[in-house]
file data-v4.csv (CSV, C-alpha atoms)
chain,number,residue,atom,x,y,z
R,198,MET,CA,71.4,7.8,-2.5
R,199,LYS,CA,72.3,4.1,-2.5
R,200,LEU,CA,71.2,2.2,0.7
R,201,THR,CA,73.4,-0.4,2.3
R,202,ALA,CA,71.9,-3.8,2.7
R,203,PRO,CA,71.2,-3.6,6.5
R,204,LEU,CA,69.7,-0.1,6.1
R,205,ALA,CA,67.5,-1.3,3.2
R,206,HIS,CA,66.3,-4.3,5.3
R,207,LEU,CA,65.4,-2.0,8.2
R,208,LEU,CA,63.5,0.4,5.9
R,209,LEU,CA,61.5,-2.5,4.4
R,210,ALA,CA,60.7,-3.8,7.8
R,211,PHE,CA,59.5,-0.4,8.9
R,212,LEU,CA,57.3,0.0,5.9
R,213,PHE,CA,55.8,-3.5,6.4
R,214,LEU,CA,55.1,-2.7,10.0
R,215,VAL,CA,53.3,0.6,9.1
R,216,SER,CA,51.3,-1.2,6.4
R,217,ALA,CA,50.3,-4.0,8.8
R,218,CYS,CA,49.2,-1.5,11.5
R,219,SER,CA,47.2,0.5,9.0
R,220,SER,CA,45.5,-2.7,7.7
R,221,THR,CA,44.6,-3.9,11.2
R,222,GLN,CA,43.2,-0.5,12.1
R,223,THR,CA,41.1,-0.4,8.9
R,224,GLU,CA,39.7,-3.9,9.6
R,225,ARG,CA,38.9,-2.9,13.2
R,226,ILE,CA,37.1,0.2,12.0
R,227,ASP,CA,35.2,-1.8,9.5
R,228,ALA,CA,34.1,-4.3,12.1
R,229,GLU,CA,33.0,-1.5,14.4
R,230,THR,CA,30.9,0.3,11.8
R,231,GLY,CA,29.5,-2.8,10.1
R,232,THR,CA,30.8,-1.8,6.7
R,233,ASP,CA,32.5,-5.1,6.3
R,234,VAL,CA,29.0,-6.6,5.4
R,235,ALA,CA,29.0,-6.6,1.7
R,236,ALA,CA,25.7,-5.7,0.0
R,237,ASP,CA,25.6,-9.1,-1.8
R,238,LYS,CA,25.6,-10.8,1.6
R,239,ILE,CA,22.4,-9.0,2.7
R,240,LEU,CA,18.8,-10.3,2.1
R,241,ILE,CA,15.7,-8.2,2.8
R,242,VAL,CA,12.6,-10.4,2.9
R,243,TYR,CA,9.2,-8.8,3.6
R,244,LEU,CA,5.5,-9.4,3.6
R,245,SER,CA,3.2,-6.5,2.8
R,246,ARG,CA,-0.5,-6.2,2.2
R,247,THR,CA,-1.0,-2.4,2.3
R,248,LYS,CA,2.5,-1.6,0.9
R,249,ASN,CA,3.7,0.0,4.2
R,250,THR,CA,6.1,-2.8,5.0
R,251,LYS,CA,7.2,-2.7,1.4
R,252,ALA,CA,8.0,1.0,1.8
R,253,VAL,CA,10.2,0.3,4.9
R,254,ALA,CA,11.9,-2.5,3.1
R,255,GLU,CA,12.8,-0.3,0.2
R,256,MET,CA,14.2,2.4,2.6
R,257,ILE,CA,16.4,-0.2,4.2
R,258,GLN,CA,17.7,-1.4,0.8
R,259,LYS,CA,18.5,2.2,-0.1
R,260,ASN,CA,20.8,2.4,2.9
R,261,VAL,CA,22.4,-1.0,3.0
R,262,GLY,CA,21.9,-2.5,-0.5
R,263,GLY,CA,21.1,-6.2,-0.6
R,264,LYS,CA,18.6,-8.3,-2.4
R,265,LEU,CA,14.9,-7.4,-1.9
R,266,VAL,CA,12.4,-10.2,-1.9
R,267,ALA,CA,8.6,-10.0,-1.4
R,268,ILE,CA,6.9,-13.0,0.2
R,269,GLU,CA,4.0,-14.3,-2.0
R,270,LEU,CA,1.7,-17.2,-1.3
R,271,GLU,CA,0.8,-20.0,-3.6
R,272,LYS,CA,-2.8,-19.2,-2.8
R,273,PRO,CA,-3.2,-15.5,-1.9
R,274,TYR,CA,-5.4,-14.3,0.9
R,275,PRO,CA,-8.8,-13.0,-0.1
R,276,GLU,CA,-9.1,-9.3,-1.1
R,277,ASN,CA,-11.9,-8.9,1.5
R,278,TYR,CA,-10.3,-7.8,4.7
R,279,GLN,CA,-12.7,-9.6,7.1
R,280,ALA,CA,-12.3,-12.8,5.2
R,281,THR,CA,-8.6,-12.5,5.5
R,282,VAL,CA,-8.8,-11.8,9.2
R,283,ALA,CA,-10.9,-14.9,9.7
R,284,GLN,CA,-8.5,-17.1,7.7
R,285,VAL,CA,-5.5,-15.8,9.5
R,286,ALA,CA,-7.1,-16.4,12.9
R,287,SER,CA,-7.9,-20.0,11.8
R,288,GLU,CA,-4.3,-20.5,10.7
R,289,ASN,CA,-2.9,-19.2,13.9
R,290,GLN,CA,-5.2,-21.4,15.9
R,291,SER,CA,-4.3,-24.6,14.0
R,292,GLY,CA,-0.7,-23.8,13.4
R,293,TYR,CA,-1.1,-24.1,9.6
R,294,LEU,CA,1.7,-22.7,7.6
R,295,PRO,CA,0.6,-21.5,4.1
R,296,PRO,CA,2.8,-22.7,1.2
R,297,LEU,CA,4.9,-19.9,-0.3
R,298,LYS,CA,5.1,-19.1,-4.0
R,299,THR,CA,8.4,-17.2,-3.3
R,300,LYS,CA,11.5,-19.3,-3.6
R,301,ILE,CA,15.0,-18.1,-2.6
R,302,ASP,CA,17.9,-19.9,-4.2
R,303,SER,CA,21.2,-20.3,-2.3
R,304,ILE,CA,20.1,-18.7,0.9
R,305,GLY,CA,23.4,-19.8,2.4
R,306,GLN,CA,25.2,-17.0,0.6
R,307,TYR,CA,23.6,-14.4,2.9
R,308,ASP,CA,25.0,-13.4,6.2
R,309,VAL,CA,22.4,-10.8,7.2
R,310,VAL,CA,18.7,-11.3,6.7
R,311,PHE,CA,16.2,-8.5,7.4
R,312,VAL,CA,12.7,-9.8,7.9
R,313,GLY,CA,9.8,-7.4,7.6
R,314,PHE,CA,6.1,-7.9,8.3
R,315,PRO,CA,2.9,-6.2,9.6
R,316,THR,CA,1.3,-7.1,12.9
R,317,TRP,CA,-1.7,-9.4,12.3
R,318,GLY,CA,-3.9,-10.1,15.3
R,319,MET,CA,-1.0,-9.1,17.5
R,320,GLN,CA,1.0,-12.0,16.1
R,321,LEU,CA,3.6,-12.8,13.4
R,322,PRO,CA,1.7,-13.4,10.1
R,323,PRO,CA,1.5,-17.0,9.1
R,324,PRO,CA,3.4,-16.5,5.8
R,325,MET,CA,6.4,-15.1,7.7
R,326,LYS,CA,6.3,-18.1,10.0
R,327,SER,CA,6.3,-20.3,6.8
R,328,PHE,CA,9.4,-18.5,5.6
R,329,LEU,CA,11.3,-18.8,8.9
R,330,LYS,CA,10.4,-22.5,9.2
R,331,GLN,CA,11.2,-23.3,5.5
R,332,TYR,CA,14.7,-21.9,5.4
R,333,ASP,CA,17.7,-22.7,7.7
R,334,LEU,CA,18.9,-19.4,9.0
R,335,SER,CA,21.3,-20.9,11.6
R,336,GLY,CA,24.4,-18.7,12.1
R,337,LYS,CA,23.0,-15.7,10.3
R,338,THR,CA,22.2,-12.3,11.7
R,339,ILE,CA,18.4,-11.6,11.7
R,340,ILE,CA,17.0,-8.1,11.8
R,341,PRO,CA,13.2,-7.8,12.2
R,342,PHE,CA,11.2,-4.7,11.1
R,343,ASN,CA,7.5,-4.1,11.5
R,344,THR,CA,4.6,-1.9,10.6
R,345,ASN,CA,1.3,-1.9,12.5
R,346,GLY,CA,-2.0,-0.1,12.8
R,347,GLY,CA,-1.1,1.5,16.1
R,348,TYR,CA,-1.2,-1.5,18.4
R,349,GLY,CA,2.5,-2.2,18.4
R,350,ILE,CA,4.5,-5.3,17.6
R,351,GLY,CA,2.5,-7.7,19.8
R,352,SER,CA,4.4,-11.0,20.0
R,353,THR,CA,6.0,-10.7,16.5
R,354,PHE,CA,9.6,-10.1,17.5
R,355,GLU,CA,9.5,-12.7,20.1
R,356,THR,CA,8.2,-15.3,17.6
R,357,VAL,CA,11.0,-14.4,15.3
R,358,ARG,CA,13.4,-15.1,18.1
R,359,GLN,CA,11.7,-18.5,18.9
R,360,LEU,CA,11.8,-19.6,15.2
R,361,CYS,CA,15.5,-18.6,14.8
R,362,PRO,CA,17.1,-20.2,17.9
R,363,ASN,CA,20.5,-20.5,16.2
R,364,SER,CA,20.6,-17.1,14.7
R,365,LYS,CA,21.8,-13.7,16.1
R,366,ILE,CA,18.8,-11.5,16.5
R,367,LEU,CA,19.4,-7.7,16.5
R,368,GLU,CA,17.2,-4.9,17.7
R,369,GLY,CA,14.2,-4.5,15.5
R,370,TYR,CA,12.4,-1.5,14.1
R,371,SER,CA,8.7,-0.7,14.2
R,372,THR,CA,6.5,2.1,12.9
R,373,ARG,CA,2.9,3.0,12.4
R,374,GLY,CA,1.6,1.8,9.1
R,375,GLY,CA,-1.9,1.3,7.7
R,376,LEU,CA,-5.1,0.2,9.4
R,377,GLU,CA,-7.0,-1.7,6.7
R,378,ARG,CA,-9.9,-2.2,9.0
R,379,ASP,CA,-10.6,1.6,8.9
R,380,GLY,CA,-9.7,2.0,5.3
R,381,GLN,CA,-6.2,3.3,6.0
R,382,LEU,CA,-3.9,1.7,3.4
R,383,LEU,CA,-0.5,3.2,2.4
R,384,MET,CA,0.3,5.6,5.2
R,385,ILE,CA,4.1,5.8,4.8
R,386,LYS,CA,4.1,8.6,2.3
R,387,ASP,CA,4.8,12.4,2.2
R,388,GLU,CA,5.9,13.7,5.6
R,389,LYS,CA,5.5,10.3,7.3
R,390,ALA,CA,7.8,8.8,4.7
R,391,ARG,CA,10.5,11.4,5.4
R,392,GLN,CA,10.2,10.8,9.1
R,393,THR,CA,10.4,7.1,8.6
R,394,GLN,CA,13.5,7.5,6.4
R,395,ASP,CA,15.2,9.4,9.2
R,396,GLU,CA,14.3,6.9,11.8
R,397,ILE,CA,15.5,4.0,9.7
R,398,LYS,CA,18.8,5.6,9.1
R,399,GLN,CA,19.3,6.2,12.8
R,400,TRP,CA,18.3,2.6,13.6
R,401,LEU,CA,20.7,1.2,11.0
R,402,GLU,CA,23.5,3.4,12.3
R,403,LYS,CA,22.8,2.2,15.8
R,404,LEU,CA,23.1,-1.4,14.5
R,405,LYS,CA,26.4,-0.4,12.8
R,406,MET,CA,24.9,-1.5,9.4
R,407,ILE,CA,25.9,1.9,7.9
call {"tool": "encode", "arguments": {"input": "data-v4.csv", "output": "structure tokens"}}
result
Amino acid sequence: MKLTAPLAHLLLAFLFLVSACSSTQTERIDAETGTDVAADKILIVYLSRTKNTKAVAEMIQKNVGGKLVAIELEKPYPENYQATVAQVASENQSGYLPPLKTKIDSIGQYDVVFVGFPTWGMQLPPPMKSFLKQYDLSGKTIIPFNTNGGYGIGSTFETVRQLCPNSKILEGYSTRGGLERDGQLLMIKDEKARQTQDEIKQWLEKLKMI
């Protein structure tokens, strides 16, 4: 059937309207679910001594993708636990920020930055303070995650907020990890790992990251 010019124009206008509405609805749904954050715009930075924070970081990456980066120091902490505790306490007291071996190129390309760390002395570890001070995270969405020996997050999340005054800080995640003092190292394994995976998925869904 051959359409007259006015009828053809009306049909084209109708199809354009439907397409526009569908596109707008899709964009709105993407914005609501967070799926509009491309994987290559996500950075997952973590500090891990007993590999518990590393385990959480890898679970996050499994859900959202992104680039995974471990924080390493130019001069690593001593292997001896008590020596490390003493050094960290001294750094916290003096405000010393240990130089990082880790370098991140083009950090401006990331929109979302997950930052993961253990609780050390109820505070944010000095190497993570170094990272947050070294890089300009203004305008980015920061999502903290934490492992601890059972004493909680301490002042860690609040310090992240203080060091990123021009960033959007989302609700963090925390779970029980190792307690090196008592010889408990990698604890996020087996049943604990499965439980942690479920918690992380629920947390990320709540944040609308997945």
call {"tool": "closest_residue", "arguments": {"input": "data-v4.csv", "among": "R:Lys238, R:Tyr370, R:Leu382, R:Val285", "to": "Gln399 of chain R", "atoms": "only C-alpha atoms"}}
result
R:Tyr370
call {"tool": "residues_around", "arguments": {"input": "data-v4.csv", "residues": "segment 305-318 of chain R", "least_positions_apart": "4", "cutoff": "7 Å", "atoms": "only C-alpha atoms", "output": "PyMOL selection string"}}
result
chain R and resi 238-245+250+254+322+337-345+350+353
call {"tool": "atom_distance", "arguments": {"input": "data-v4.csv", "atom1": "atom CA of Phe328 of chain R", "atom2": "atom CA of Ile268 of chain R"}}
result
8.1 Å
call {"tool": "closest_atom_pairs", "arguments": {"input": "data-v4.csv", "of": "segment 337-377 of chain R", "to": "segment 383-393 of chain R", "cutoff": "9 Å", "atoms": "all atoms listed in the file", "output": "JSON lines"}}
result
{"residue": "R:Thr372", "atom": "CA", "partner": "R:Thr393", "partner_atom": "CA", "distance": 7.7}
{"residue": "R:Arg373", "atom": "CA", "partner": "R:Met384", "partner_atom": "CA", "distance": 8.1}
{"residue": "R:Gly374", "atom": "CA", "partner": "R:Met384", "partner_atom": "CA", "distance": 5.6}
{"residue": "R:Gly375", "atom": "CA", "partner": "R:Met384", "partner_atom": "CA", "distance": 5.4}
{"residue": "R:Leu376", "atom": "CA", "partner": "R:Met384", "partner_atom": "CA", "distance": 8.7}
call {"tool": "atom_distance", "arguments": {"input": "data-v4.csv", "atom1": "atom CA of Ala267 of chain R", "atom2": "atom CA of Thr247 of chain R"}}
result
12.8 Å
call {"tool": "closest_residue", "arguments": {"input": "data-v4.csv", "among": "R:Ala252, R:Leu401, R:Ile304, R:Ala235", "to": "Glu368 of chain R", "atoms": "only C-alpha atoms"}}
result
R:Leu401
call {"tool": "atom_distance", "arguments": {"input": "data-v4.csv", "atom1": "atom CA of Glu402 of chain R", "atom2": "atom CA of Val261 of chain R"}}
result
10.3 Å
call {"tool": "residues_around", "arguments": {"input": "data-v4.csv", "residues": "Pro362 of chain R", "least_positions_apart": "4", "cutoff": "12 Å", "atoms": "only C-alpha atoms", "output": "PyMOL selection string"}}
result
chain R and resi 329-330+333-339+355-358+366
call {"tool": "build_atoms", "arguments": {"input": "data-v4.csv", "residues": "segment 313-334 of chain R", "atoms": "N, CA and C atoms", "output": "PDB file, in the frame of the given file"}}
result
ATOM      1  N   GLY R 313      10.732  -8.448   7.344  1.00  0.00           N
ATOM      2  CA  GLY R 313       9.800  -7.400   7.600  1.00  0.00           C
ATOM      3  C   GLY R 313       8.328  -7.902   7.450  1.00  0.00           C
ATOM      4  N   PHE R 314       7.445  -7.382   8.289  1.00  0.00           N
ATOM      5  CA  PHE R 314       6.100  -7.900   8.300  1.00  0.00           C
ATOM      6  C   PHE R 314       5.168  -6.911   9.069  1.00  0.00           C
ATOM      7  N   PRO R 315       3.872  -6.948   8.786  1.00  0.00           N
ATOM      8  CA  PRO R 315       2.900  -6.200   9.600  1.00  0.00           C
ATOM      9  C   PRO R 315       2.522  -7.039  10.824  1.00  0.00           C
ATOM     10  N   THR R 316       1.897  -6.404  11.779  1.00  0.00           N
ATOM     11  CA  THR R 316       1.300  -7.100  12.900  1.00  0.00           C
ATOM     12  C   THR R 316      -0.088  -7.552  12.525  1.00  0.00           C
ATOM     13  N   TRP R 317      -0.362  -8.841  12.586  1.00  0.00           N
ATOM     14  CA  TRP R 317      -1.700  -9.400  12.300  1.00  0.00           C
ATOM     15  C   TRP R 317      -2.267 -10.039  13.511  1.00  0.00           C
ATOM     16  N   GLY R 318      -3.332  -9.484  14.062  1.00  0.00           N
ATOM     17  CA  GLY R 318      -3.900 -10.100  15.300  1.00  0.00           C
ATOM     18  C   GLY R 318      -2.932 -10.156  16.409  1.00  0.00           C
ATOM     19  N   MET R 319      -2.035  -9.157  16.485  1.00  0.00           N
ATOM     20  CA  MET R 319      -1.000  -9.100  17.500  1.00  0.00           C
ATOM     21  C   MET R 319       0.030 -10.202  17.408  1.00  0.00           C
ATOM     22  N   GLN R 320       0.062 -10.880  16.269  1.00  0.00           N
ATOM     23  CA  GLN R 320       1.000 -12.000  16.100  1.00  0.00           C
ATOM     24  C   GLN R 320       1.776 -11.838  14.783  1.00  0.00           C
ATOM     25  N   LEU R 321       2.793 -12.700  14.637  1.00  0.00           N
ATOM     26  CA  LEU R 321       3.600 -12.800  13.400  1.00  0.00           C
ATOM     27  C   LEU R 321       2.679 -13.394  12.322  1.00  0.00           C
ATOM     28  N   PRO R 322       2.550 -12.782  11.138  1.00  0.00           N
ATOM     29  CA  PRO R 322       1.700 -13.400  10.100  1.00  0.00           C
ATOM     30  C   PRO R 322       2.139 -14.768   9.706  1.00  0.00           C
ATOM     31  N   PRO R 323       1.180 -15.666   9.469  1.00  0.00           N
ATOM     32  CA  PRO R 323       1.500 -17.000   9.100  1.00  0.00           C
ATOM     33  C   PRO R 323       2.494 -17.160   7.924  1.00  0.00           C
ATOM     34  N   PRO R 324       2.400 -16.328   6.864  1.00  0.00           N
ATOM     35  CA  PRO R 324       3.400 -16.500   5.800  1.00  0.00           C
ATOM     36  C   PRO R 324       4.825 -16.237   6.221  1.00  0.00           C
ATOM     37  N   MET R 325       5.029 -15.326   7.173  1.00  0.00           N
ATOM     38  CA  MET R 325       6.400 -15.100   7.700  1.00  0.00           C
ATOM     39  C   MET R 325       6.843 -16.284   8.523  1.00  0.00           C
ATOM     40  N   LYS R 326       5.913 -16.892   9.242  1.00  0.00           N
ATOM     41  CA  LYS R 326       6.300 -18.100  10.000  1.00  0.00           C
ATOM     42  C   LYS R 326       6.675 -19.196   8.980  1.00  0.00           C
ATOM     43  N   SER R 327       5.961 -19.281   7.850  1.00  0.00           N
ATOM     44  CA  SER R 327       6.300 -20.300   6.800  1.00  0.00           C
ATOM     45  C   SER R 327       7.744 -20.043   6.335  1.00  0.00           C
ATOM     46  N   PHE R 328       8.096 -18.785   6.081  1.00  0.00           N
ATOM     47  CA  PHE R 328       9.400 -18.500   5.600  1.00  0.00           C
ATOM     48  C   PHE R 328      10.500 -18.882   6.625  1.00  0.00           C
ATOM     49  N   LEU R 329      10.297 -18.504   7.880  1.00  0.00           N
ATOM     50  CA  LEU R 329      11.300 -18.800   8.900  1.00  0.00           C
ATOM     51  C   LEU R 329      11.420 -20.269   9.211  1.00  0.00           C
ATOM     52  N   LYS R 330      10.339 -21.002   8.978  1.00  0.00           N
ATOM     53  CA  LYS R 330      10.400 -22.500   9.200  1.00  0.00           C
ATOM     54  C   LYS R 330      11.009 -23.164   7.965  1.00  0.00           C
ATOM     55  N   GLN R 331      10.795 -22.617   6.786  1.00  0.00           N
ATOM     56  CA  GLN R 331      11.200 -23.300   5.500  1.00  0.00           C
ATOM     57  C   GLN R 331      12.723 -23.207   5.312  1.00  0.00           C
ATOM     58  N   TYR R 332      13.323 -22.090   5.735  1.00  0.00           N
ATOM     59  CA  TYR R 332      14.700 -21.900   5.400  1.00  0.00           C
ATOM     60  C   TYR R 332      15.596 -21.967   6.705  1.00  0.00           C
ATOM     61  N   ASP R 333      16.758 -22.560   6.544  1.00  0.00           N
ATOM     62  CA  ASP R 333      17.700 -22.700   7.700  1.00  0.00           C
ATOM     63  C   ASP R 333      18.512 -21.397   7.766  1.00  0.00           C
ATOM     64  N   LEU R 334      18.251 -20.638   8.820  1.00  0.00           N
ATOM     65  CA  LEU R 334      18.900 -19.400   9.000  1.00  0.00           C
ATOM     66  C   LEU R 334      19.965 -19.444  10.150  1.00  0.00           C
TER      67      LEU R 334
END
